[in-house]
Every structure is written in structure tokens, then in C-alpha cells.
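The structure file entry_27.pdb is reproduced below (PDB, C-alpha atoms, pLDDT in the B column).
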ATOM      1  CA  MET A 565     -13.446 -24.750  -2.731  1.00 40.00           C
ATOM      2  CA  GLY A 566     -14.146 -21.597  -0.792  1.00 40.00           C
ATOM      3  CA  CYS A 567     -15.568 -18.450  -2.251  1.00 43.00           C
ATOM      4  CA  ALA A 568     -13.214 -15.589  -3.112  1.00 44.00           C
ATOM      5  CA  GLY A 569     -13.930 -13.840   0.181  1.00 42.00           C
ATOM      6  CA  SER A 570     -13.337 -16.828   2.414  1.00 36.00           C
ATOM      7  CA  SER A 571     -10.149 -17.254   4.394  1.00 38.00           C
ATOM      8  CA  HIS A 572      -9.649 -20.694   2.845  1.00 38.00           C
ATOM      9  CA  ALA A 573      -9.237 -19.151  -0.623  1.00 41.00           C
ATOM     10  CA  LYS A 574      -5.962 -17.556   0.508  1.00 42.00           C
ATOM     11  CA  GLY A 575      -3.723 -20.596   0.424  1.00 43.00           C
ATOM     12  CA  ASP A 576       0.042 -20.422   0.789  1.00 44.00           C
ATOM     13  CA  GLU A 577       0.419 -20.178  -2.974  1.00 47.00           C
ATOM     14  CA  THR A 578      -1.396 -16.813  -3.148  1.00 52.00           C
ATOM     15  CA  ILE A 579       0.329 -15.083  -0.211  1.00 66.00           C
ATOM     16  CA  LYS A 580       3.884 -14.140  -1.072  1.00 79.00           C
ATOM     17  CA  LYS A 581       6.145 -12.779   1.603  1.00 90.00           C
ATOM     18  CA  ILE A 582       7.273  -9.304   0.632  1.00 92.00           C
ATOM     19  CA  THR A 583      10.997  -8.812   0.083  1.00 92.00           C
ATOM     20  CA  LYS A 584      13.149  -5.783  -0.629  1.00 89.00           C
ATOM     21  CA  PRO A 585      13.769  -5.180  -4.331  1.00 89.00           C
ATOM     22  CA  LYS A 586      17.158  -6.205  -5.684  1.00 91.00           C
ATOM     23  CA  PRO A 587      19.686  -3.357  -5.897  1.00 93.00           C
ATOM     24  CA  TRP A 588      19.233  -1.379  -9.088  1.00 93.00           C
ATOM     25  CA  LYS A 589      20.906   1.497 -10.890  1.00 95.00           C
ATOM     26  CA  HIS A 590      19.199   4.496 -12.492  1.00 93.00           C
ATOM     27  CA  PRO A 591      20.416   5.270 -16.041  1.00 94.00           C
ATOM     28  CA  GLU A 592      21.889   8.517 -14.687  1.00 94.00           C
ATOM     29  CA  PRO A 593      22.903   9.352 -11.105  1.00 94.00           C
ATOM     30  CA  ILE A 594      20.009  11.235  -9.462  1.00 95.00           C
ATOM     31  CA  THR A 595      19.606  13.244  -6.276  1.00 96.00           C
ATOM     32  CA  SER A 596      17.214  12.509  -3.416  1.00 95.00           C
ATOM     33  CA  GLU A 597      15.090  15.439  -4.569  1.00 95.00           C
ATOM     34  CA  GLN A 598      14.844  14.052  -8.114  1.00 96.00           C
ATOM     35  CA  LEU A 599      13.897  10.642  -6.720  1.00 96.00           C
ATOM     36  CA  LYS A 600      11.215  12.217  -4.524  1.00 96.00           C
ATOM     37  CA  GLN A 601       9.822  14.100  -7.534  1.00 97.00           C
ATOM     38  CA  MET A 602       9.704  10.905  -9.624  1.00 97.00           C
ATOM     39  CA  ARG A 603       7.879   9.101  -6.806  1.00 97.00           C
ATOM     40  CA  ASP A 604       5.401  11.955  -6.301  1.00 97.00           C
ATOM     41  CA  GLU A 605       4.628  12.041 -10.033  1.00 97.00           C
ATOM     42  CA  PHE A 606       4.094   8.280 -10.132  1.00 97.00           C
ATOM     43  CA  TRP A 607       1.725   8.192  -7.150  1.00 97.00           C
ATOM     44  CA  ASP A 608      -0.192  11.239  -8.440  1.00 96.00           C
ATOM     45  CA  THR A 609      -0.787   9.669 -11.864  1.00 96.00           C
ATOM     46  CA  ALA A 610      -0.955   5.917 -11.105  1.00 95.00           C
ATOM     47  CA  PRO A 611      -4.713   5.758 -10.348  1.00 92.00           C
ATOM     48  CA  HIS A 612      -5.450   7.249 -13.781  1.00 92.00           C
ATOM     49  CA  TYR A 613      -4.058   4.106 -15.456  1.00 87.00           C
ATOM     50  CA  GLY A 614      -6.701   1.831 -13.968  1.00 93.00           C
ATOM     51  CA  GLY A 615      -7.333  -0.103 -10.819  1.00 95.00           C
ATOM     52  CA  ARG A 616      -8.934   1.119  -7.635  1.00 96.00           C
ATOM     53  CA  LYS A 617      -7.711   4.182  -5.760  1.00 95.00           C
ATOM     54  CA  GLU A 618      -7.840   2.410  -2.383  1.00 96.00           C
ATOM     55  CA  ILE A 619      -5.498  -0.304  -3.716  1.00 97.00           C
ATOM     56  CA  TRP A 620      -3.095   2.325  -5.073  1.00 98.00           C
ATOM     57  CA  ASP A 621      -3.208   4.045  -1.664  1.00 97.00           C
ATOM     58  CA  ALA A 622      -2.468   0.737   0.087  1.00 97.00           C
ATOM     59  CA  LEU A 623       0.419   0.026  -2.295  1.00 98.00           C
ATOM     60  CA  GLN A 624       1.866   3.482  -1.666  1.00 97.00           C
ATOM     61  CA  ALA A 625       1.619   2.985   2.103  1.00 98.00           C
ATOM     62  CA  ALA A 626       3.257  -0.445   1.755  1.00 97.00           C
ATOM     63  CA  ALA A 627       6.027   0.914  -0.488  1.00 97.00           C
ATOM     64  CA  GLU A 628       6.871   3.555   2.116  1.00 96.00           C
ATOM     65  CA  ALA A 629       6.706   1.210   5.140  1.00 96.00           C
ATOM     66  CA  GLU A 630       9.007  -1.295   6.813  1.00 94.00           C
ATOM     67  CA  LEU A 631       8.669  -4.831   5.396  1.00 93.00           C
ATOM     68  CA  SER A 632       6.574  -6.274   8.255  1.00 93.00           C
ATOM     69  CA  LEU A 633       4.120  -3.366   8.132  1.00 96.00           C
ATOM     70  CA  ALA A 634       4.057  -3.487   4.325  1.00 96.00           C
ATOM     71  CA  GLN A 635       3.064  -7.165   4.529  1.00 96.00           C
ATOM     72  CA  ALA A 636       0.202  -6.333   6.899  1.00 96.00           C
ATOM     73  CA  ILE A 637      -0.979  -3.491   4.635  1.00 97.00           C
ATOM     74  CA  VAL A 638      -1.154  -5.583   1.457  1.00 96.00           C
ATOM     75  CA  ASP A 639      -2.723  -8.523   3.297  1.00 96.00           C
ATOM     76  CA  SER A 640      -5.454  -6.371   4.843  1.00 96.00           C
ATOM     77  CA  ALA A 641      -6.143  -4.583   1.531  1.00 96.00           C
ATOM     78  CA  GLY A 642      -6.601  -7.901  -0.269  1.00 96.00           C
ATOM     79  CA  VAL A 643      -3.662  -7.263  -2.596  1.00 96.00           C
ATOM     80  CA  ILE A 644      -2.390 -10.353  -4.396  1.00 95.00           C
ATOM     81  CA  VAL A 645       1.386 -10.061  -4.649  1.00 95.00           C
ATOM     82  CA  GLN A 646       2.638 -11.585  -7.913  1.00 95.00           C
ATOM     83  CA  LYS A 647       6.296 -10.624  -7.434  1.00 95.00           C
ATOM     84  CA  ALA A 648       7.638 -10.575  -3.887  1.00 95.00           C
ATOM     85  CA  ASP A 649       9.298  -7.165  -4.359  1.00 95.00           C
ATOM     86  CA  LEU A 650       5.829  -5.602  -5.033  1.00 96.00           C
ATOM     87  CA  THR A 651       6.648  -4.690  -8.646  1.00 96.00           C
ATOM     88  CA  VAL A 652       3.603  -6.667  -9.870  1.00 96.00           C
ATOM     89  CA  CYS A 653       0.399  -7.036  -7.849  1.00 97.00           C
ATOM     90  CA  TYR A 654      -3.297  -7.660  -8.478  1.00 97.00           C
ATOM     91  CA  ASP A 655      -6.457  -6.789  -6.622  1.00 96.00           C
ATOM     92  CA  GLU A 656      -9.252  -9.256  -5.884  1.00 94.00           C
ATOM     93  CA  ARG A 657     -11.010  -8.253  -9.119  1.00 95.00           C
ATOM     94  CA  GLY A 658      -7.957  -9.108 -11.219  1.00 96.00           C
ATOM     95  CA  ALA A 659      -6.761  -5.558 -11.963  1.00 96.00           C
ATOM     96  CA  LYS A 660      -2.987  -5.394 -12.392  1.00 96.00           C
ATOM     97  CA  TYR A 661      -0.811  -2.897 -10.525  1.00 97.00           C
ATOM     98  CA  GLU A 662       2.798  -2.410 -11.622  1.00 96.00           C
ATOM     99  CA  LEU A 663       5.195  -0.475  -9.418  1.00 97.00           C
ATOM    100  CA  PRO A 664       8.523   0.832 -10.706  1.00 96.00           C
ATOM    101  CA  LYS A 665      11.558   0.054  -8.576  1.00 95.00           C
ATOM    102  CA  TYR A 666      12.147   3.738  -7.866  1.00 96.00           C
ATOM    103  CA  VAL A 667       9.040   3.892  -5.651  1.00 97.00           C
ATOM    104  CA  LEU A 668      10.188   0.823  -3.701  1.00 96.00           C
ATOM    105  CA  SER A 669      13.883   1.509  -3.078  1.00 95.00           C
ATOM    106  CA  VAL A 670      16.704   3.908  -3.814  1.00 94.00           C
ATOM    107  CA  PRO A 671      19.119   3.344  -6.704  1.00 95.00           C
ATOM    108  CA  THR A 672      22.706   2.349  -6.015  1.00 95.00           C
ATOM    109  CA  ASN A 673      23.877   5.491  -7.814  1.00 95.00           C
ATOM    110  CA  LEU A 674      21.839   7.981  -5.765  1.00 94.00           C
ATOM    111  CA  ILE A 675      23.742  11.221  -5.248  1.00 93.00           C
ATOM    112  CA  ARG A 676      23.863  11.718  -1.488  1.00 84.00           C
ATOM    113  CA  ASP A 677      23.091  15.217  -0.237  1.00 72.00           C
ATOM    114  CA  SER A 678      26.104  16.713   1.494  1.00 60.00           C
TER     115      SER A 678
END

Give the structure from the file, written as C-alpha cells.
Amino acid sequence: MGCAGSSHAKGDETIKKITKPKPWKHPEPITSEQLKQMRDEFWDTAPHYGGRKEIWDALQAAAEAELSLAQAIVDSAGVIVQKADLTVCYDERGAKYELPKYVLSVPTNLIRDS
């Protein structure tokens, strides 16, 4: 058994490969601007619900990145991915981080700007 900081402690069972969230639909069609506002509000308030700010920052960077970069970000930050779509994660101290789908992908009923 390795200690929590050793590379042996991260077996295949603790490292989940990040995937895109499944398509989802917002209760009402929303615009890109409304989606951006919802995301901004979430990221501004998320650290106040617990957990460490640097983990929230890493999760935000991962949520806004391509999948391969997102994987590198969560791995380097020590984030334990519970659900592959990043909706549930933990830090090394056991704090839980829940991300709503709207910060990870766009809804299928997004109103496209014309």
C-alpha cells in the first residue's frame, strides 16, 4: 500500500477517462448569453459551497478545455473523477465537487444567435 501522495496509490480504478456529457435539454430554450450568465454565476459562487478554490479553478479550466487537456488538468490537480463527465469529483481530502451539466456542455435546445 502506498501513501496517498505516491504514484502507486493512483491505480486504474481511481483514474477515470473524461468523456463529454450526454446530450441534455434545458427546461426552457435559452440563448448563448443566458447560458454564459448561468455559467458565470455558478463559477463565481461555487467556492462558497465548500472545497478548495484551486480545485474549483482547475475544474473550471477543465470544463472549458478540450477533452485531452481537461484530462491533464484534473490529473495534475489531483482531482478524483467519480463520474466520467465531470459532474461529480472529489479532491484528495475527500471534498465533493458537483458540476451542473450547463457548465460542461450546451443544451440541445440552445437558441442559436442569428

Find, counting all atoms listed in the file, the residue in A:Lys647, A:Arg657, A:Arg676, A:Arg616 that gets nearest to Gln598 (chain A).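 Checking each candidate against Gln598 (chain A), we get A:Arg676 as the closest.
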
If I take CA of Ser596 (chain A) and CA of Cys653 (chain A), how far is one from the other in Å, to one decimal?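 Between these atoms lies a distance of 26.2 Å.
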
One number please: CA of Asp604 (chain A) to CA of Trp588 (chain A), in Å, one decimal.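 Atom-to-atom, CA of Asp604 (chain A) to CA of Trp588 (chain A), that is 19.4 Å.
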
Nearest to Glu605 (chain A) among A:Val667, A:Val643, A:Ala625, A:Ala636, with distances taken over all atoms listed in the file: which residue is it?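 Smallest separation from Glu605 (chain A) among the options: A:Val667.
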
What lies within 10 Å of Asp621 (chain A) using all atoms listed in the file, ignoring chain neighbours under 5 positions off, as a PyMOL selection string? chain A and resi 607+610-611+616+626-627+641

Next, the residues of the selection above should be written as a PDB file, in the coordinates of the input with C-alpha atoms.
ATOM      1  CA  TRP A 607       1.725   8.192  -7.150  1.00 97.00           C
ATOM      2  CA  ALA A 610      -0.955   5.917 -11.105  1.00 95.00           C
ATOM      3  CA  PRO A 611      -4.713   5.758 -10.348  1.00 92.00           C
ATOM      4  CA  ARG A 616      -8.934   1.119  -7.635  1.00 96.00           C
ATOM      5  CA  ALA A 626       3.257  -0.445   1.755  1.00 97.00           C
ATOM      6  CA  ALA A 627       6.027   0.914  -0.488  1.00 97.00           C
ATOM      7  CA  ALA A 641      -6.143  -4.583   1.531  1.00 96.00           C
TER       8      ALA A 641
END

Quick one: everything within 10 Å of Ile594 (chain A), counting all atoms listed in the file, minus sequence neighbours fewer than 5 positions away in the same chain. Send it as a list in words.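 Result of the neighbour search: Lys589, Leu599, Val670, Pro671, Thr672, Asn673, Leu674, Ile675 and Arg676 of chain A.
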
The distance between CA of Leu633 (chain A) and CA of Thr651 (chain A) is 17.0 Å

Can I get region 619-635 of chain A with N, CA and C atoms filled in, as a compact mmCIF listing (two decimals), in the frame of the given file?
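So the final result, stored in result-v1.txt, reads:
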# COMPACT_ATOMS: atom_id res chain seq x y z
N ILE A 619 -6.61 0.65 -3.56
CA ILE A 619 -5.50 -0.30 -3.72
C ILE A 619 -4.21 0.46 -3.98
N TRP A 620 -4.28 1.49 -4.83
CA TRP A 620 -3.10 2.33 -5.07
C TRP A 620 -2.62 2.95 -3.76
N ASP A 621 -3.57 3.44 -2.95
CA ASP A 621 -3.21 4.04 -1.66
C ASP A 621 -2.53 3.02 -0.75
N ALA A 622 -3.06 1.79 -0.73
CA ALA A 622 -2.47 0.74 0.09
C ALA A 622 -1.07 0.40 -0.41
N LEU A 623 -0.90 0.33 -1.73
CA LEU A 623 0.42 0.03 -2.30
C LEU A 623 1.42 1.13 -1.98
N GLN A 624 0.96 2.38 -2.02
CA GLN A 624 1.87 3.48 -1.67
C GLN A 624 2.27 3.38 -0.20
N ALA A 625 1.31 3.12 0.68
CA ALA A 625 1.62 2.98 2.10
C ALA A 625 2.59 1.83 2.32
N ALA A 626 2.38 0.72 1.62
CA ALA A 626 3.26 -0.44 1.76
C ALA A 626 4.66 -0.13 1.23
N ALA A 627 4.73 0.58 0.11
CA ALA A 627 6.03 0.91 -0.49
C ALA A 627 6.86 1.81 0.43
N GLU A 628 6.18 2.61 1.25
CA GLU A 628 6.87 3.56 2.12
C GLU A 628 7.08 3.02 3.53
N ALA A 629 6.64 1.79 3.79
CA ALA A 629 6.71 1.21 5.14
C ALA A 629 7.83 0.18 5.28
N GLU A 630 8.10 -0.19 6.53
CA GLU A 630 9.01 -1.30 6.81
C GLU A 630 8.37 -2.58 6.26
N LEU A 631 9.18 -3.60 6.00
CA LEU A 631 8.67 -4.83 5.40
C LEU A 631 7.52 -5.49 6.16
N SER A 632 7.63 -5.59 7.49
CA SER A 632 6.57 -6.27 8.26
C SER A 632 5.26 -5.51 8.19
N LEU A 633 5.33 -4.18 8.25
CA LEU A 633 4.12 -3.37 8.13
C LEU A 633 3.58 -3.42 6.71
N ALA A 634 4.47 -3.40 5.73
CA ALA A 634 4.06 -3.49 4.32
C ALA A 634 3.27 -4.78 4.08
N GLN A 635 3.75 -5.88 4.67
CA GLN A 635 3.06 -7.16 4.53
C GLN A 635 1.65 -7.08 5.10
